[in-house]
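Notes follow once the structure below has been shown.
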Amino acid sequence: GSNGGQEAPAGGSDTSTSGGSESKGAVTPVDKKDLLFAIDQEPASLDPYMHTKQQGFTVGTLIFETLVKKDASGEFIPWLATEWEFVDDTTIIFKLRDDVTFHDGSKFTAEDAAYSLSLGATSSFSKTVFSSIDPDNTKAIDEYTLELKLLNPYAPLFEALSSFRGAMLCKDARESMGESEYGRAPIGTGPMKFVDWVSGDRIELEAHDGYWGEKLPFETATARIIVESNSRSIELETGGVDIAMELAFSDWDRIEENPETILISGESQSSTFILLNNSMEPFNDIRVRQALAHAIDMQALVDIVFQGNAMVADSYYIPSIIGHKSVGPMEYNPEKAKQLLAEAGYGDGLAIDFYTYEHPIHSVVGEVLQSMWGAVGVDVSIKVVDLATQTDLNNSGKVSTAHMSPAVAIADPDAALMIWPTWRTISIRHNDEHVQELLDAGRATYDEEERAKIYGELQEYLFSKTYSIPVAFPRAAFGTRDYIEGLEFNAALVPDMTTVRFK
Amino acid sequence: MLKFTIKRILVAIPVLLGVTLLVFTMLYFTEGDPARLILGDTATEEEVEALREELGLNDSFGQQYISYLGGVLKGDLGVDYITGRPVSEEVMDRLTTTLKLAVASIVFSMIVAIPAGIISAVRQYSAVDNIAMVIALLGNSMPNFWLALMLILFFSVFLGILPASGLYGAQYYIMPVIGISAGSIATITRMTRSSMLEVIRQDYIRTSMAKGLTEFLIIVKHALKNALIPVITVIGIQFTVAVGGAVVNEQVFAIPGLGKFLVDAIKARNYQVVQGGVLVIAIICSIVNLVIDLLYAFVDPRIKSQYQKSGKIKRIRMVKEEG
Amino acid sequence: MANKKNGQLRDIWRRLKRNRLAMVGLVILILIVLVAIFADVIAPYPYDLQNYSDVKQWPSSKYIFGTDNFGRDIFSRVIYGTRVSLQIGFISLSVGALVGSIFGAIAGYFGGWVDTVIMRFTDILMSIPKIVLAIAIASTLGPGLVNAMIAVAISSIPNFARVVRASTLTVKDQEYIEAAIAIGAGNSRVIFRHIFPNILAPIIVQATLGVGVSIILAASLSFLGLGVEPPTPEWGAMLSAARTYIRDEWYMVLFPGLAIMITVLALNLLGDGLRDALDPKLKN
Amino acid sequence: MHKLLEVKNLKKYFETKNGLLHAVDGVNFYINEGETLGVVGESGCGKSTLGRVVIRLLDATDGRIIFNGQDITNLKDKRAMRKEMQIIFQDPFSSLNPRMSVSQIIEEPLRIHQLCNSDTEMKSRVSELMDTVGLASRLADSYPHELDGGRRQRIGIARALALNPKFIVCDEPVSALDVSIQAQILNLMMDLQEELNFTYMFITHDLSVVKHISDEIMVMYLGVMVEKCNADELFEHTLHPYSKALLSVIPEPTIRKTKERTLLQGEITSPINPKPGCRFAARCVYAKELCSQVTPELEEIMPEHYVACHYVKEINGL
Amino acid sequence: MNDKDKPLLSVRNLTIHYITDNGVVKAVNDISFDLAKGETMGLVGETGAGKTTTALGIMNLIPNPPGKIINGEILVDGKNILEFNKYQTRKYRGNVASMIFQDPMTALNPILTVGEQIAEVSRYHNKLSKAESYVKAAEMLELVGIPSERINEYPHQFSGGMKQRVVIAIALACNPQLLLADEPTTALDVTIQAQVLALMGDLIKKYGTSMVLITHDLGVVTEICDRVAIMYAGQIVETGDLEAVYEHTKHPYTKGLFGSLPRISDKTSRLNPIDGLMPDPTNLPNGCPFHPRCPDKMPECESRVPANTEIEPGHFVRCLLYE
Ligand SMILES: Nc1ncnc2c1ncn2[C@@H]1O[C@H](COP(=O)(O)OP(=O)(O)OP(=O)(O)O)[C@@H](O)[C@H]1O
Ligand SMILES: Nc1ncnc2c1ncn2[C@@H]1O[C@H](COP(=O)(O)OP(=O)(O)OP(=O)(O)O)[C@@H](O)[C@H]1O
Ligand SMILES: [Mg+2]
Ligand SMILES: [Mg+2]
């Protein structure tokens with residue numbers, strides 16, 4: 001029996017029920033009417049302004065749309081907005097499409113756009129990218145014209161608008177449903193509309209008949225939540241799902257070599273670093289910080305941790321973001337490290353805590369550091385806490401060292417350097433006003449060359465101070481079945497699912 | 001009998017209250033701030049503080065507990081901090097899945113374990129006994145997650161005959177059921193065996209032998225039912241374990257069950273979810289215990305008359321082990 | 001005197017010896033304990049020695065169980081892990097057994113409201129699934145070896161309390177308890193001199209089986225990220241860390257998994273055998 | 001003669017889930033020093049309970065226990081009293097702690113009451129006691145399960161003797177033993193009484209044993225005493241209908257039966273919340289209306305011969 | 001065995017050992033006796049003398065392992081029951097021969113109604129329908145003096161004496177020719193014992209059943225038996241009709257038994273017990289097993305096992321004094 005009427009996710013039973021063996025090569029994607037993809041975590045909400053999880057955004061790409069998009073060449077192209085114009089540095093007028101309807105049948109207007117972007121400016125989740133928007137003066141001029149006001153010039157604006165962070169919500173629906181309910185059963189303008197969300201299991205979508213653009217080749221789409229990375233890749237390999245997000249490094253080769261599956265990998269826009277608590281003994285001493293950096297054989301560390309799928313970080317954000325300047329890494333020199341430690345008064349050794357939680361990468365870094373720093377007389381004890389405790393300790397300045405890989409929301413230096421503002425509560429606590437000045441300057445400069453110079457200076461400055469130790473620019477990968485095409489890697493790890501096609 | 005049932009339910013109430021208080025106290029003293037976790041690293045201290053205020057996290061221990069209890073009495077289990085949904089809905093979503101799986105697992109365990117236990121007992125120290133016990137114990141000796149991963153590797157990857165995760169149809173149940181049953185099969189087999197061994201040595205079995213009955217009749221009619229009480233007890237315990245304790249299997253098989261949900265909630269400091277989930281498990285546990293007690297009466301007329309005479313509770317529990 | 005006491009033990013031993021499975025369990029267990037004791041001698045490498053040039057090596061003569069993603073020798077880690085896992089199992093269980101037994105004996109011996117309170121408390125603990133309880137405790141205390149042991153110990157208390165209480169109730173009704181009271185023995189003398197020695201059998205059985213449960217529980221805590229702190233070579237933690245490699249470098253998962261399985265199996269076999277041997281009702 | 005123990009209107013009720021169980025319901029008697037009071041009655045009539053209440057292993061519900069002139073009914077510190085009053089149990093298997101050796105068992109009372117100053121003294125006292133009860137000293141380190149019933153019972157006796165008590169409750173000390181062993185133990189107990197001037201309360205259901213050992217006999221039925229008199233007197237002039245029936249059904253090992261058997265119908269009834277009236281009325285062939293309404297009082301029918309029966313005189317033609 | 005009828009039961013040189021870890025328990029050593037149709041024989045002996053073992057042997061119910069019939073034959077109606085196959089043995093048990101066990105409290109299955117426990121015997125052996133077998137069971141209950149309305153009650157609702165009657169009803173349900181009663185009244189009070197003995201006496205007379213009544217009470221034997229056999233250390237040391245054994249006691253052991261009994265009729269201040277203890281059955285002395293305790297021991301006793309000697313018609317003694 002099918003056990004109490006629990007429905008298989010749309011179409012899921014066709015492929016996976018019949019078992020992996022059959023699906024191997026047996027599937028005829030021509031008449032496939034559903035898309036099944038596996039995400040690695042359950043989103044807290046699907047409302048793009050109510051969370052920061054890439055899993056929620058990925059599902060959201062089918063439901064919501066943005067004013068502009070970025071094409072393959074990096075150009076910003078019209079989407080829900082047809083054209084735009086800078087009135088001045090802080091005022092932009094957008095003309096919107098007039099043929100767009102929400103899933104509930106209501107029209108998409110400039111009201112909705114103004115509502116969405118103002119929300120972006122105030123929501124504590126999205127203000128990292130939209131804090132420059134002036135929420136009180138951004139308004140609809142007429143039904144399809146939006147005036148966007150900025151509080152200050154903001155260079156990454158279009159990068160932000162084209163990212164999924166700037167998705168357009170339905171004002172009426174959200175206000176009448178309430179934000180948590182809306183996040184649970186969202187209404188957008190995208191090609192798929194929300195159907196059902198089975199807690200912990202899956203989110204189901206179906207085609208939106210009134211969609212203004214090109215219809216997608218599938219009628220339903222289901223996001224299955226599969227936390228265990230092994231299970232995710234096995235489902236992909238056995239044909240249980242069409243697409244699997246966030247593949248573990250150890251699965252890449254197999255997915256790549258398997259003729260039935262395709263590995264889509266690329267460089268993530270996030271980078272990882274070792275946090276040092278600059279307001280805490282002994283890390284307030286630059287000699288200690290530098291000693292620690294010199295003590296790391298970064299290539300070995302990165303190879304072990306990322307299993308060959310990352311570059312050693314030479315700076316504080318990835319090369320493909322403007323203004324990147326190669327400043328590092330610090331030379332591996334244990335002798336020098338020992339010497340610096342001795343100078344700082346720790347010749348007899350030093351004991352420090354490394355904080356981590358259950359995470360496949362951070363704890364591995366911890367273990368390698370334990371060994372490498374141990375070699376120069378720094379005794380590392382690894383404190384494994386859980387995420388909640390780690391977050392709490394981190395933001396109350398109690399974490400001494402840790403490895404971190406904060407998500408970079410948009411491919412812009414301002415977002416990539418999001419850990420550095422002095423107002424941030426995380427334990428890095430450098431309190432260096434010069435850093436803040438440079439950040440402010442970079443953000444307000446529209447001229448690309450000038451911006452690049454500012455950020456170049458910042459990167460050099462940060463390196464000279466060694467407030468943190470950059471570790472890696474990791475790659476990431478999704479996997480698809482061989483009959484899927486069109487899905488592109490996204491450096492923010494939020495692939496646009498609307499581009500998926502069946503071969 | 002009714003009187004007994006009612007008394008039994010009344011006795012469960014202080015236990016349930018105790019469970020909420022215990023869980024509440026533990027959570028209260030746990031490090032980690034749910035507000036900070038929800039808002040993430042980028043939120044300012046003020047925003048976090050505002051959310052704490054909104055969630056009532058700044059109230060004193062007593063205030064928080066009393067207002068929570070007040071809610072519970074009105075049937076309100078609070079809200080999931082993260083999704084903003086009522087805890088009762090969130091828990092119920094998981095509960096149905098979990099119950100289906102738990103029932104399937106226990107039924108499977110019984111089908112395998114009870115005959116195995118009987119045969120082992122009847123042929124004590126024989127090769128059959130040894131083999132049955134080793135197999136049963138193997139299931140109990142493997143770490144759950146390891147077994148689960150091995151099952152997936154074997155059945156989904158190498159043989160490709162079973163779906164690796166989810167719970168969307170009959171064949172999806174096979175591996176999780178094996179994974180969850182592995183422990184309970186061992187426990188039930190052992191209990192059946194030792195209970196049967198004990199019963200077989202009773203005088204009334206000798207009486208039935210002196211009557212000239214067949215071995216089959218003696219075992220099934222005279223011995224088995226008498227051996228059932230401790231077996232029922234462990235089955236009940238195993239059922240409650242399957243309801244809340246299948247955390248690891250749920251994680252590996254991507255099943256949205258109560259156990260995994262609870263563990264995630266504990267880690268996310270999603271207090272009201274933890275409370276609600278544990279409370280629901282405790283209620284199920286009480287119900288199972290009640291059902292067990294009623295089953296005792298069904299199996300053993302002595303217990304039945306005890307219940308009937310007065311509602312007084314005398315539990316004949318033989319909790320020897322728990323997987 | 002000693003040899004007479006041995007006479008009693010010899011009876012049990014004889015019954016145990018007849019049980020082939022139990023003997024297999026015992027022999028394995030003794031070997032495991034020896035391995036734990038002589039880990040320093042047996043292990044070819046330190047358990048935390050990272051060798052970046054020998055990462056993820058398949059089993060070979062140099063590394064009989066292969067190496068992990070840090071280039072550490074898995075064999076050495078499994079050997080040292082014996083120590084850790086046995087420690088966790090035995091210590092946490094002993095603490096749980098001690099506390100649980102004392103509570104159970106008090107509840108059973110005194111009865112009345114003391115019994116009610118203690119038993120309701122165990123009811124409370126028992127209505128929360130063990131693993132969830134252990135996780136909740138471990139979260140409250142924070143992860144780490146000691147806290148994991150505390151969590152495992154606390155979650156084993158109710159079982160012992162119940163078993164001991166039930167046995168105490170039967171022993172309490174024996175005439176020798178009354179005889180002890182009649183010659184003027186006080187409560188503590190009765191409990192410790194007369195009741196405890198006579199309920200040792202179920203406690204030992206429960207404990208033998210419980211060590212296995214504790215080892216697995218601790219491993220599950222590690223699997224869920226609440227166990228020991230690196231680089232402690234706890235088997236569960238090794239499994240957990242290696243599980244991403246299960247598809248290709250499955251040897252990394254195989255050996256710690258087998259180690260757990262064999263140890264727990266040995267404990268279970270021995271425990272079952274002891275149960276049969278110690279249970280006077282099963283004497284023939 | 002000196003009344004060593006006197007019991008007045010002693011009651012012991014147990015709370016059970018079905019109601020109040022009147023195990024002992026208003027019993028009066030005394031025992032002279034150096035004598036033996038035999039207590040007989042069917043299973044469940046409250047013999048053991050009476051014995052336990054008397055030596056304060058159980059607390060009395062009502063009534064008074066006077067021992068050696070001292071009211072011990074509510075005595076708090078029982079230590080001193082424990083030395084004076086001891087008990088020997090029926091079951092030589094369950095009354096000895098299986099985890100203790102013979103010498104440990106016999107030592108224990110000496111340790112608790114700190115009666116010995118040194119280990120050597122303790123040792124010699126233990127071997128003296130073992131000698132007294134006829135246990136070979138080589139058995140000192142044995143465990144009870146290695147010994148037979150008769151020897152075990154001797155251990156129990158030695159344990160009771162260790163404290164030099166004046167008064168010993170013997171709760172069916174020989175009924176679990178084989179006849180030949182039973183005879184050895186009975187002989188031993190009688191020898192000890194002679195030697196050490198013990199006072200026994202000897203509980204049994206075996207009338208031949210009780211007659212053999214007792215000076216006085218008390219017959220109990222459902223928590224009450226129905227007849228009490230000198231041992232020989234009871235067998236010569238049995239007055240109470242229950243006693244008569246009881247005596248008539250003892251299977252005697254002779255093939256020439258002289259007695260007329262009175263088969264009682266049914267079994268002893270429940271002692272829970274008993275109705276007023278004679279407890280024996282339901283099984284009594286002589287029962288009349290009065291019997292089930294009024295509880296008969298214990299009366300001295302003949303000198304030192306007490307009976308509780310409304311119609312005792314008519315029945316016996318007195 | 002004079003020119004009476006051919007005996008119903010004839011035990012010839014029966015030897016039964018229990019092979020245990022502590023040695024070989026020589027429970028029954030070369031015993032022989034006959035039992036005529038309708039005759040009742042008392043089998044008397046102290047604990048461990050081998051009484052129960054003998055009875056179990058006659059039922060072919062010796063637990064194996066550890067028990068083993070070493071030698072001898074048991075002829076019932078001329079057929080050696082030890083050579084029966086499984087099926088014949090089942091037909092024999094309960095139907096031709098049945099056994100009443102010592103302890104009525106444990107000899108009944110607590111979870112089956114007494115009616116079922118009686119009915120199943122005749123249902124099984126006489127192929128009665130369920131209804132018929134219950135009618136028969138009701139008859140049997142009435143026969144043993146229990147109102148048949150109580151047929152659907154459970155053992156725990158009965159008193160000890162009533163349970164023993166139920167056990168008797170079970171034993172007699174198929175009108176067996178041979179009844180082995182193993183201490184049927186030892187667990188009962190004197191007044192109840194008298195009732196039960198009277199009842200048994202009536203019933204066996206009524207049905208002409210032959211009975212072996214096992215007891216350790218020399219008094220009980222006189223109430224009901226025609227003959228008596230005295231067992232010591234696995235041997236029958238003296239056998240004969242009541243008068244012969246009770247009034248012309250020959251064997252020193254039997255004499256000792258009588259000397260140990262306190263008598264109501266004559267007041268002696270000291271009893272006259274046999275010295276010493278029963279020998280360890282794993283280590284029986286050479287020669288006559290009673291010689292270490294025997295007051296009339298002769299040097300020869302230590303080496304020679306006495307033979308069964310008929311000293312007067314029907315009165316056998318195993319003692320060198322009489323050879
Ligand atoms: N602790 C107790 N709680 C409740 N009832 C009890 C308790 N002890 C004894 N009784 C009851 O009190 C009554 C008298 O019991 P007691 O043991 O004194 O009888 P007895 O004459 O010694 O019987 P026996 O000959 O079987 O030893 C019985 O009905 C018994 O069930
Ligand atoms: N299953 C067994 N295994 C080993 N020895 C046994 C077994 N059953 C009986 N025995 C031994 O055989 C001998 C005879 O036992 P049996 O039970 O026949 O004696 P009995 O005369 O019936 O004694 P009782 O009066 O105690 O019932 C005893 O020494 C006993 O210990
Ligand atoms: Mg008694
Ligand atoms: Mg017997």
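Residues in the structure tokens are numbered from 1 in each chain, the chains being A, B, ... in the order shown, and ligands are numbered from 1 in the order shown.
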
Quiz item: Could you name the residues that touch range 302-310 of chain E at 6 Å or less, counting only C-alpha atoms, but leaving out those on the same chain fewer than 4 positions away, as a count of residues only?
Solution: 9

Exercise. Restrict the distance test to only C-alpha atoms, flag each residue of chain C within 12 Å of chain A, and return the flagged residues as number ranges by chain.
Key: C: 47-56, 68-72, 135-136, 138-145, 147-148, 221-233, 237-238, 240-250

Practice problem: Using only C-alpha atoms, find the residues of chain D whose closest atom to chain E is at most 8 Å away, then write them as a PyMOL selection string. | Solution: chain D and resi 42-43+178-184+186-187+205+207-209+211-212+245-246+249-255+263-267

Quiz prompt | Contacts of Leu39 in chain B within 10 Å, only C-alpha atoms, excl. fewer than 6 positions in-chain, as a list in words | solution =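 The residues satisfying every condition are Met50, His51, Thr52, Ser123, Ser124 and Phe125 of chain A; Glu47, Val48, Leu51 and Ile82 of chain B.
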
Since we have the selection now, will you write its residues out, keeping N, CA and C atoms, as a short mmCIF file (atom, residue, chain, number, x, y, z; two decimals), in the first residue's frame?
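Saved to selection_4.cif:
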data_model
loop_
_atom_site.label_atom_id
_atom_site.label_comp_id
_atom_site.auth_asym_id
_atom_site.auth_seq_id
_atom_site.Cartn_x
_atom_site.Cartn_y
_atom_site.Cartn_z
N MET A 50 13.17 37.66 4.61
CA MET A 50 13.03 37.16 5.97
C MET A 50 14.08 36.12 6.35
N HIS A 51 15.06 35.92 5.52
CA HIS A 51 16.08 34.95 5.86
C HIS A 51 17.29 35.20 4.99
N THR A 52 18.35 34.46 5.20
CA THR A 52 19.54 34.64 4.36
C THR A 52 20.02 33.30 3.82
N SER A 123 14.62 45.41 6.71
CA SER A 123 14.68 44.06 7.27
C SER A 123 16.09 43.76 7.75
N SER A 124 16.17 43.18 8.91
CA SER A 124 17.52 42.94 9.43
C SER A 124 18.24 41.88 8.64
N PHE A 125 17.50 41.13 7.81
CA PHE A 125 18.17 40.09 7.00
C PHE A 125 18.80 40.66 5.74
N GLU B 47 18.67 45.10 17.40
CA GLU B 47 17.70 44.26 16.71
C GLU B 47 17.52 42.94 17.45
N VAL B 48 18.63 42.38 17.90
CA VAL B 48 18.56 41.12 18.61
C VAL B 48 17.76 41.30 19.88
N LEU B 51 14.11 41.48 19.26
CA LEU B 51 13.52 40.16 18.98
C LEU B 51 13.40 39.35 20.28
N ILE B 82 11.46 30.06 14.52
CA ILE B 82 12.11 30.23 13.23
C ILE B 82 11.10 30.41 12.10
#

Practice problem: Using only C-alpha atoms and all ligand atoms, determine which residues fall within 8 Å of ligand 2, then list them as an NGL selection string. | Solution: (:C and (284)) or (:E and (17-20 or 25-28 or 45-55 or 62-63 or 65-67 or 182-183 or 215-216 or 231 or 233-234 or 280-282))

Write the residues of the preceding selection, restricted to N, CA and C atoms, as a short mmCIF file (atom, residue, chain, number, x, y, z; two decimals), in the first residue's frame.
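So the final result, stored in out.cif, reads:
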data_model
loop_
_atom_site.label_atom_id
_atom_site.label_comp_id
_atom_site.auth_asym_id
_atom_site.auth_seq_id
_atom_site.Cartn_x
_atom_site.Cartn_y
_atom_site.Cartn_z
N ASN C 284 19.82 -25.32 35.66
CA ASN C 284 19.20 -26.64 35.58
C ASN C 284 20.10 -27.71 36.15
N HIS E 17 19.45 -41.37 36.55
CA HIS E 17 20.52 -40.46 36.98
C HIS E 17 20.31 -39.08 36.39
N TYR E 18 20.75 -38.07 37.12
CA TYR E 18 20.83 -36.72 36.55
C TYR E 18 22.29 -36.41 36.35
N ILE E 19 22.63 -36.10 35.13
CA ILE E 19 24.04 -35.84 34.85
C ILE E 19 24.26 -34.34 34.88
N THR E 20 24.85 -33.84 35.94
CA THR E 20 25.01 -32.40 36.12
C THR E 20 26.48 -32.04 36.16
N VAL E 25 24.01 -37.33 39.70
CA VAL E 25 23.09 -37.52 40.82
C VAL E 25 22.40 -38.85 40.61
N LYS E 26 22.66 -39.77 41.54
CA LYS E 26 22.01 -41.08 41.41
C LYS E 26 20.68 -41.00 42.13
N ALA E 27 19.68 -40.54 41.41
CA ALA E 27 18.41 -40.21 42.04
C ALA E 27 17.60 -41.46 42.35
N VAL E 28 17.57 -42.38 41.41
CA VAL E 28 16.80 -43.61 41.60
C VAL E 28 17.72 -44.78 41.26
N GLY E 45 9.32 -41.01 51.72
CA GLY E 45 10.76 -40.82 51.85
C GLY E 45 11.06 -39.37 52.12
N GLU E 46 12.28 -39.13 52.57
CA GLU E 46 12.63 -37.76 52.88
C GLU E 46 13.03 -37.01 51.61
N THR E 47 13.22 -35.73 51.77
CA THR E 47 13.62 -34.90 50.64
C THR E 47 14.79 -35.53 49.88
N GLY E 48 14.66 -35.55 48.60
CA GLY E 48 15.77 -36.03 47.78
C GLY E 48 15.87 -37.54 47.69
N ALA E 49 14.91 -38.23 48.25
CA ALA E 49 15.00 -39.68 48.22
C ALA E 49 14.76 -40.23 46.82
N GLY E 50 14.16 -39.44 45.96
CA GLY E 50 13.96 -39.89 44.58
C GLY E 50 12.50 -40.20 44.27
N LYS E 51 11.61 -39.72 45.08
CA LYS E 51 10.18 -40.02 44.90
C LYS E 51 9.65 -39.39 43.61
N THR E 52 9.87 -38.08 43.50
CA THR E 52 9.37 -37.38 42.32
C THR E 52 10.00 -37.95 41.06
N THR E 53 11.28 -38.23 41.14
CA THR E 53 11.97 -38.78 39.98
C THR E 53 11.34 -40.09 39.54
N THR E 54 11.00 -40.90 40.51
CA THR E 54 10.35 -42.16 40.17
C THR E 54 9.04 -41.90 39.42
N ALA E 55 8.25 -40.98 39.97
CA ALA E 55 6.96 -40.69 39.34
C ALA E 55 7.15 -40.13 37.94
N ILE E 62 11.01 -37.44 32.52
CA ILE E 62 12.30 -37.03 33.09
C ILE E 62 12.91 -35.96 32.18
N PRO E 63 13.23 -34.80 32.73
CA PRO E 63 13.80 -33.75 31.87
C PRO E 63 15.17 -34.19 31.36
N PRO E 65 18.27 -33.05 28.70
CA PRO E 65 19.12 -33.19 29.86
C PRO E 65 18.51 -32.47 31.07
N PRO E 66 18.98 -32.76 32.25
CA PRO E 66 20.12 -33.58 32.66
C PRO E 66 19.73 -35.02 32.98
N GLY E 67 18.42 -35.30 32.98
CA GLY E 67 18.01 -36.61 33.48
C GLY E 67 18.21 -37.72 32.46
N ASP E 182 1.89 -36.70 43.43
CA ASP E 182 3.15 -36.30 44.06
C ASP E 182 2.85 -35.29 45.16
N GLU E 183 2.87 -35.76 46.36
CA GLU E 183 2.60 -34.91 47.52
C GLU E 183 1.41 -33.99 47.28
N THR E 215 4.48 -39.10 49.33
CA THR E 215 4.36 -38.21 50.49
C THR E 215 5.58 -38.40 51.36
N HIS E 216 5.77 -37.48 52.28
CA HIS E 216 6.80 -37.73 53.27
C HIS E 216 6.14 -37.88 54.64
N MET E 231 11.28 -45.11 50.81
CA MET E 231 12.44 -44.86 49.94
C MET E 231 13.54 -44.20 50.72
N ALA E 233 17.50 -42.71 49.70
CA ALA E 233 18.62 -42.54 48.77
C ALA E 233 18.43 -43.32 47.47
N GLY E 234 17.25 -43.19 46.90
CA GLY E 234 17.03 -43.77 45.59
C GLY E 234 16.68 -45.24 45.59
N ASP E 280 24.95 -37.54 50.20
CA ASP E 280 24.96 -36.75 48.97
C ASP E 280 24.68 -37.68 47.79
N PRO E 281 23.62 -37.41 47.04
CA PRO E 281 23.25 -38.36 45.98
C PRO E 281 24.28 -38.45 44.85
N THR E 282 25.23 -37.52 44.81
CA THR E 282 26.26 -37.66 43.77
C THR E 282 27.37 -38.56 44.29
#

Exercise. Select residues of chain B: the criterion is any atom within 6 Å of an atom of chain A, counting only C-alpha atoms; output as a VMD selection string.
Key: chain B and resid 31 to 33 37 43 82 to 84 160 to 163 168 to 170 252 254 256 268

Exercise. One decimal, Å: what's the distance from CA of Ala127 in chain B over to CA of Ala277 in chain C, could you say?
Key: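 These two atoms are separated by 18.5 Å.
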